[in-house]
Amino acid sequence: MDNTTILFTAIQRFYRNAIVTLIREQLTAQYAEAALTEVQRLFGKKDPETGNTYWEGIRAAANERRSGGTGELSTPIKDEFELLGVEHFYNVFETHFDTLCPSHGGKPKKEKNQAKQTLLSWIKQIKNVRDPISHPVSDDINYDESVQVLFCARKVLDFCSCPDASSEVLKLQGKLLGGYSGDREKTYTLLPPADEVVMDFVGRHGELKRLRDWLSNNVSQRWALSGEGGKGKSAIAYAFAKNISQTDDHGLDAVVWISAKRRRFVEGATVMVDRPDFHDKSTAILAILSAFGEESIGDQREEQVIELLKSFPTLLVIDDIDTVEDSGEDAVQFLIMTLPERTPTKVLITSRRALFGMTNLTTQVQGLSDSDADDFLKSRCTLMGLHTQAVIESKSMILDATDASPLFIEDLLRLIQSGLSIESSVGLWKEKKGNDARRYAIKREFDLLDDDAKQVLLAIAITGACDTDHLCRGLDWSQSRVVDALQQLRKMFLMPTQVPGRSKTTLSLNQNMRMLVLEEMKDTDVFRRTDRTMKAAAGKLATKHHENETIVSKLRYTGRLVKEYRMQDAANVIAKALEQFPGRADLHAQLGWIFKKDGQTSNARGHFQRAHELDCQQRDSYWHWSELEAEAEEWTASAKVAELAIGKFGESQGLLFRLGYALHRAGKELQKDGIDATKECERAKAVLEKARTMQDSEDRNYSLRNQIYRAIALNLESLEDEVELARHFAKWMQDCPNDPYIESEYERLRMKFPKYLTAR
């Protein structure tokens, strides 16, 4: 077939028929018997030359070409929808876009208009190319013109979910004559047309060299190209397969490409491509047999493929394998495990996820290197008709905005192509215009994450950059839970960038991932809570006056409830306040105090800890927390809490007492176990002595000084320092003559140390 025949078959037989069928079915479903009237109305204007409506002219021309006229067409007209030709589709889709493309019609207004304009541009390009039937010419239609028309036809069919017709057009494109294909293929090859994968491939020398090394070293029969969407995995695989097809020194008899891809990003829009080569094991087997022109043999098809690939060692490229759903897991097992194990076939896989068991057999595809970016920008400027020098001079700005992703770069260049300055285009793309590309590249993997992994991304997106300790504090998670979420992100190639520091590694997101996460989660309750708690953990939570007044009122109210022994009522009030105002340390501190009063030690401890993680500024909270641990005889914990408070607020009489007493009791526990605790008791002695000399708590805690003196006496008892003990009792009696503990403690210790503590 010449190009004119190929083009006629593709456009008239497959493209036109599929679109007419779509218009008939969708408009009939929407308007019932009035559907045809809706179409006729679009062409109801009268032709000034004939006086008839344009629709009447369309009808007359159709009848003229059939048996009643020229007789060049013999097919009968099924209904008047059949009168529509490719030149009429623009008007119909422009008016009835929402009905004909319901999956896009329901999108937000801006997204819908962008999708609509993209579709209409493809339809218009098909309309503008000369129709070989309506306008017969003696010359064959050239290759470039044919390729462009068939490309647009495929995109329209994919956009409108007509996979069967799109597949037929794709097959015909491979038969076009006159195209430049570089070196002649020396190996049996079945690859899709270049425009299905990549046009004008440049660079990626490092990735291609690694693939050539893999093919020649015979260490493994399989290899994977993995990474985020839009980074160019399929393009690298295609360029490699094309290169192998043009050589004969690799010991392979064939190069075959099969794809599970169901969507593509074309000219700024995501287009569903519901014509994958396979979606499960059975269809994968059929795709391989079809590639070799083999008829399947019933139940023997699996063995048939294995024997075929034994006889014809093949480079089998499997594109976008992670697209297959759970029902297609058998295909994954067969393609990347069974075939490489049982045949000499080499299997190259592209995937957005890390494939299990292939960590050491994977090239992770990153953004373009600096030199590759130069080549890529020059190539795209040539294709798009842009001023190359100006774009190259802005390279670093463009790469920074796009994370050096080829897909993102092309999308941004389209804005520049529309006439905007480079600076304006970059600014717009970073804000909203790049959202469609970001969703295409990353959202599928984002949607597959569990809630924990999504919340970790959100936390980092909100904070900007943080370490795992900050994540644990802000999210109120264990370290193990955070690590599990990060490992899931790593498997999906969404792992935040790790920047090593002097003591900790900082995690941060590239700006495109950050923008996608914020856009996807900004209206959720999870966002509100995470935003507050992460900022609170960093000491950056800004609260409004009205909120603060509300909280003060609730704290006072619950204080009264506790005095009335209505502990549960008080806890409920604070719990509801936390739902409304998450991330407030003062609420967690109050709840810890309430649970402490109610004897719920574990709950109290948890809320005191949470208050500390959220940068609690209430010194009394630490006092109560340390006292809680002391009451539970957790002396080391009590001392640690007191030290945290002293480090945060500085030394005070109360906190020094809590620390000194806890150190004393911890030392006493060691003595019970037969361990020398002199060091601990000496430290306790110094801390308690400092507390004794301070005055800051006397005005509100008259018993504290008495407690300090008694603690010093007990600690000196542990040290068995009877001389210092006698001096201490003299100070105690002088400073606290009314302390009821003096006499009882003196009498108890006089029996133990009679030499210096004499009878009085």
# chains A, B, ... in the order shown; residues from 1 in each chain; ligands from 1
>>> select_by_dssp(residues="segment 255-371 of chain A", states="helix (DSSP H, G or I)", output="tab-separated table (two decimals) with C-alpha atoms, in the first residue's frame")
chain	number	residue	atom	x	y	z
A	281	LYS	CA	-0.31	-13.74	31.81
A	282	SER	CA	-2.62	-15.01	29.09
A	283	THR	CA	-2.56	-11.77	27.09
A	284	ALA	CA	1.22	-11.46	27.56
A	285	ILE	CA	1.67	-14.90	26.00
A	286	LEU	CA	-0.60	-13.97	23.10
A	287	ALA	CA	1.30	-10.69	22.58
A	288	ILE	CA	4.62	-12.54	22.27
A	289	LEU	CA	3.18	-15.12	19.88
A	290	SER	CA	1.61	-12.36	17.80
A	291	ALA	CA	4.94	-10.52	17.62
A	298	GLY	CA	-4.77	-23.94	22.87
A	299	ASP	CA	-3.58	-25.09	26.28
A	300	GLN	CA	0.00	-25.39	25.04
A	301	ARG	CA	0.53	-21.65	24.58
A	302	GLU	CA	2.87	-21.16	27.55
A	303	GLU	CA	5.19	-23.97	26.46
A	304	GLN	CA	4.86	-22.73	22.90
A	305	VAL	CA	6.24	-19.32	23.91
A	306	ILE	CA	9.05	-20.90	25.94
A	307	GLU	CA	10.09	-23.12	23.03
A	308	LEU	CA	9.85	-20.17	20.64
A	309	LEU	CA	12.15	-18.02	22.79
A	310	LYS	CA	14.56	-20.91	23.21
A	311	SER	CA	14.81	-21.18	19.43
A	321	ILE	CA	4.99	-3.56	33.92
A	322	ASP	CA	3.74	-2.15	37.22
A	323	THR	CA	0.55	-1.01	35.47
A	326	ASP	CA	-3.42	-7.62	41.07
A	327	SER	CA	-5.05	-9.90	38.51
A	328	GLY	CA	-1.96	-9.51	36.36
A	329	GLU	CA	0.59	-10.61	38.95
A	330	ASP	CA	0.86	-13.93	37.12
A	331	ALA	CA	2.13	-11.96	34.11
A	332	VAL	CA	4.89	-10.39	36.22
A	333	GLN	CA	5.97	-13.81	37.48
A	334	PHE	CA	5.97	-15.29	33.98
A	335	LEU	CA	7.73	-12.42	32.22
A	336	ILE	CA	10.49	-11.54	34.69
A	337	MET	CA	11.03	-14.90	36.37
A	338	THR	CA	9.97	-17.83	34.18
A	339	LEU	CA	11.18	-16.62	30.76
A	340	PRO	CA	14.69	-15.55	31.90
A	341	GLU	CA	15.10	-18.82	33.83
A	342	ARG	CA	13.94	-21.18	31.08
A	359	THR	CA	17.61	-4.36	43.69
A	360	ASN	CA	21.02	-5.20	42.26
A	361	LEU	CA	19.67	-5.58	38.72
A	370	ASP	CA	23.93	18.74	32.94
A	371	SER	CA	25.38	17.72	29.58
>>> residues_around(residues="segment 743-754 of chain A", least_positions_apart="2", cutoff="8 Å", atoms="only C-alpha atoms", output="PyMOL selection string")
chain A and resi 717+722+729+740-741+756-759
>>> select_by_dssp(residues="segment 474-619 of chain A", states="strand (DSSP E or B)", output="list in words")
Thr497, Gln498, Val499, Pro500, Thr505, Thr506, Leu507 and Ser508 of chain A
>>> residues_around(residues="Leu591 of chain A", least_positions_apart="4", cutoff="10 Å", atoms="only C-alpha atoms", output="list in words")
Leu555, Thr558, Met567, Ala570, Ala571, Asn572, Val573, Ile574, Ala575, Leu578, Ala585, Asp586, Leu587, Phe595, Lys596, Lys597, Asn603, Ala604, Arg605, Gly606, His607, Phe608 and Ala611 of chain A
>>> closest_residue(among="A:Ala589, A:Leu486, A:Leu315, A:Leu170", to="Lys242 of chain A", atoms="only C-alpha atoms")
A:Leu315
>>> residues_around(residues="Tyr622 of chain A", least_positions_apart="2", cutoff="8 Å", atoms="only C-alpha atoms", output="JSON list (two decimals) with C-alpha atoms, in the first residue's frame")
[["chain", "number", "residue", "atom", "x", "y", "z"],
["A", 608, "PHE", "CA", 3.32, 14.78, 79.38],
["A", 618, "GLN", "CA", 4.82, 25.29, 81.11],
["A", 619, "ARG", "CA", 7.43, 24.58, 83.76],
["A", 620, "ASP", "CA", 4.82, 23.13, 86.13],
["A", 624, "HIS", "CA", 4.09, 17.12, 87.66],
["A", 625, "TRP", "CA", 5.64, 14.72, 85.15],
["A", 626, "SER", "CA", 8.77, 14.24, 87.26],
["A", 641, "VAL", "CA", 12.38, 14.80, 83.22],
["A", 642, "ALA", "CA", 13.75, 17.23, 85.79],
["A", 645, "ALA", "CA", 13.03, 21.05, 82.42]]
>>> residues_around(residues="Gln671 of chain A", least_positions_apart="5", cutoff="12 Å", atoms="only C-alpha atoms", output="ChimeraX atom specification")
/A:664-666,676-681,715,717-719
>>> write_last_selection(atoms="N, CA and C atoms", output="PDB file, in the first residue's frame")
ATOM      1  N   HIS A 664      18.922  10.785  94.488  1.00  0.00           N
ATOM      2  CA  HIS A 664      19.110  10.102  95.774  1.00  0.00           C
ATOM      3  C   HIS A 664      18.434   8.734  95.783  1.00  0.00           C
ATOM      4  N   ARG A 665      17.173   8.688  95.322  1.00  0.00           N
ATOM      5  CA  ARG A 665      16.448   7.422  95.349  1.00  0.00           C
ATOM      6  C   ARG A 665      17.024   6.413  94.360  1.00  0.00           C
ATOM      7  N   ALA A 666      17.522   6.899  93.231  1.00  0.00           N
ATOM      8  CA  ALA A 666      18.170   5.994  92.278  1.00  0.00           C
ATOM      9  C   ALA A 666      19.426   5.387  92.904  1.00  0.00           C
ATOM     10  N   ASP A 676      27.913   0.088  94.687  1.00  0.00           N
ATOM     11  CA  ASP A 676      28.379   1.341  95.277  1.00  0.00           C
ATOM     12  C   ASP A 676      27.696   2.514  94.580  1.00  0.00           C
ATOM     13  N   ALA A 677      26.965   3.324  95.346  1.00  0.00           N
ATOM     14  CA  ALA A 677      26.218   4.449  94.774  1.00  0.00           C
ATOM     15  C   ALA A 677      26.740   5.781  95.272  1.00  0.00           C
ATOM     16  N   THR A 678      27.971   5.825  95.698  1.00  0.00           N
ATOM     17  CA  THR A 678      28.541   7.060  96.250  1.00  0.00           C
ATOM     18  C   THR A 678      28.468   8.211  95.242  1.00  0.00           C
ATOM     19  N   LYS A 679      28.791   7.912  93.982  1.00  0.00           N
ATOM     20  CA  LYS A 679      28.803   8.950  92.944  1.00  0.00           C
ATOM     21  C   LYS A 679      27.418   9.575  92.785  1.00  0.00           C
ATOM     22  N   GLU A 680      26.390   8.728  92.746  1.00  0.00           N
ATOM     23  CA  GLU A 680      25.027   9.215  92.569  1.00  0.00           C
ATOM     24  C   GLU A 680      24.589  10.049  93.768  1.00  0.00           C
ATOM     25  N   CYS A 681      24.924   9.571  94.967  1.00  0.00           N
ATOM     26  CA  CYS A 681      24.495  10.279  96.178  1.00  0.00           C
ATOM     27  C   CYS A 681      25.244  11.603  96.342  1.00  0.00           C
ATOM     28  N   ASN A 715      19.549  11.559 102.052  1.00  0.00           N
ATOM     29  CA  ASN A 715      20.703  11.324 101.194  1.00  0.00           C
ATOM     30  C   ASN A 715      21.984  11.211 102.012  1.00  0.00           C
ATOM     31  N   GLU A 717      22.101  10.114 104.982  1.00  0.00           N
ATOM     32  CA  GLU A 717      22.000   8.779 105.595  1.00  0.00           C
ATOM     33  C   GLU A 717      22.581   7.736 104.649  1.00  0.00           C
ATOM     34  N   SER A 718      22.255   7.832 103.364  1.00  0.00           N
ATOM     35  CA  SER A 718      22.781   6.875 102.394  1.00  0.00           C
ATOM     36  C   SER A 718      24.294   6.976 102.291  1.00  0.00           C
ATOM     37  N   LEU A 719      24.814   8.189 102.438  1.00  0.00           N
ATOM     38  CA  LEU A 719      26.259   8.387 102.385  1.00  0.00           C
ATOM     39  C   LEU A 719      26.941   8.021 103.709  1.00  0.00           C
TER      40      LEU A 719
END
>>> closest_atom_pairs(of="segment 295-393 of chain A", to="segment 188-203 of chain A", cutoff="12 Å", atoms="only C-alpha atoms", output="Markdown table")
| residue | atom | partner | partner_atom | distance |
| --- | --- | --- | --- | --- |
| A:Phe312 | CA | A:Tyr188 | CA | 9.9 |
| A:Pro313 | CA | A:Tyr188 | CA | 10.9 |
| A:Thr314 | CA | A:Tyr188 | CA | 9.2 |
| A:Leu315 | CA | A:Thr189 | CA | 9.5 |
| A:Leu316 | CA | A:Leu190 | CA | 9.9 |
| A:Val317 | CA | A:Leu191 | CA | 9.3 |
| A:Ile318 | CA | A:Leu191 | CA | 11.2 |
| A:Asp319 | CA | A:Val197 | CA | 10.1 |
| A:Asp320 | CA | A:Val197 | CA | 11.6 |
| A:Gly367 | CA | A:Gly203 | CA | 11.7 |
| A:Leu368 | CA | A:Gly203 | CA | 8.5 |
| A:Ser369 | CA | A:Gly203 | CA | 8.9 |
| A:Asp370 | CA | A:Gly203 | CA | 10.3 |
| A:Ser371 | CA | A:Gly203 | CA | 7.9 |
| A:Asp372 | CA | A:Gly203 | CA | 4.9 |
| A:Ala373 | CA | A:Gly203 | CA | 8.0 |
| A:Asp374 | CA | A:Gly203 | CA | 9.0 |
| A:Asp375 | CA | A:Val202 | CA | 6.4 |
| A:Phe376 | CA | A:Val202 | CA | 6.1 |
| A:Leu377 | CA | A:Val202 | CA | 9.7 |
| A:Lys378 | CA | A:Val202 | CA | 9.7 |
| A:Ser379 | CA | A:Asp200 | CA | 7.0 |
| A:Arg380 | CA | A:Asp200 | CA | 8.4 |
| A:Cys381 | CA | A:Asp200 | CA | 11.5 |
| A:Thr382 | CA | A:Asp200 | CA | 10.1 |
| A:Leu383 | CA | A:Asp200 | CA | 8.6 |
| A:Met384 | CA | A:Met199 | CA | 11.9 |
>>> residues_around(residues="Ile244 of chain A", least_positions_apart="3", cutoff="9 Å", atoms="only C-alpha atoms", output="CSV table (one decimal) with N, CA and C atoms, in the first residue's frame")
chain,number,residue,atom,x,y,z
A,185,GLU,N,17.7,-2.2,10.1
A,185,GLU,CA,17.6,-3.2,11.1
A,185,GLU,C,18.2,-4.5,10.7
A,186,LYS,N,19.1,-5.1,11.5
A,186,LYS,CA,19.7,-6.3,11.1
A,186,LYS,C,19.2,-7.5,11.9
A,187,THR,N,18.3,-7.2,12.9
A,187,THR,CA,17.6,-8.3,13.7
A,187,THR,C,16.1,-8.1,13.5
A,212,ARG,N,24.2,-1.8,27.8
A,212,ARG,CA,25.1,-2.6,26.9
A,212,ARG,C,26.0,-3.5,27.7
A,239,ALA,N,15.4,3.5,23.0
A,239,ALA,CA,16.7,3.8,22.3
A,239,ALA,C,17.6,2.6,22.3
A,240,PHE,N,17.7,2.0,23.4
A,240,PHE,CA,18.5,0.8,23.5
A,240,PHE,C,18.0,-0.3,22.6
A,241,ALA,N,16.7,-0.6,22.6
A,241,ALA,CA,16.2,-1.6,21.7
A,241,ALA,C,16.4,-1.3,20.3
A,247,THR,N,22.3,-3.9,15.1
A,247,THR,CA,23.5,-4.6,15.2
A,247,THR,C,23.3,-6.1,15.2
A,248,ASP,N,24.3,-6.9,14.9
A,248,ASP,CA,24.1,-8.3,14.9
A,248,ASP,C,25.3,-9.1,15.6
A,249,ASP,N,25.9,-8.4,16.6
A,249,ASP,CA,27.0,-8.9,17.4
A,249,ASP,C,26.6,-9.3,18.8
A,250,HIS,N,25.3,-9.5,19.0
A,250,HIS,CA,24.8,-9.7,20.4
A,250,HIS,C,24.3,-11.1,20.6
A,252,LEU,N,21.5,-12.3,19.6
A,252,LEU,CA,20.0,-12.3,19.7
A,252,LEU,C,19.4,-12.4,18.3
A,255,VAL,N,14.2,-8.5,18.5
A,255,VAL,CA,14.0,-7.5,19.5
A,255,VAL,C,12.5,-7.2,19.5
A,315,LEU,N,15.6,-10.0,22.8
A,315,LEU,CA,15.6,-9.0,23.7
A,315,LEU,C,14.1,-8.6,23.9
>>> atom_distance(atom1="atom CA of Thr530 of chain A", atom2="atom CA of Phe446 of chain A")
17.6 Å
>>> atom_distance(atom1="atom CA of Lys535 of chain A", atom2="atom CA of Val482 of chain A")
17.6 Å
>>> residues_around(residues="Asn512 of chain A", least_positions_apart="5", cutoff="8 Å", atoms="only C-alpha atoms", output="PyMOL selection string")
chain A and resi 401-403+430+438
>>> atom_distance(atom1="atom CA of Lys491 of chain A", atom2="atom CA of Val456 of chain A")
14.5 Å
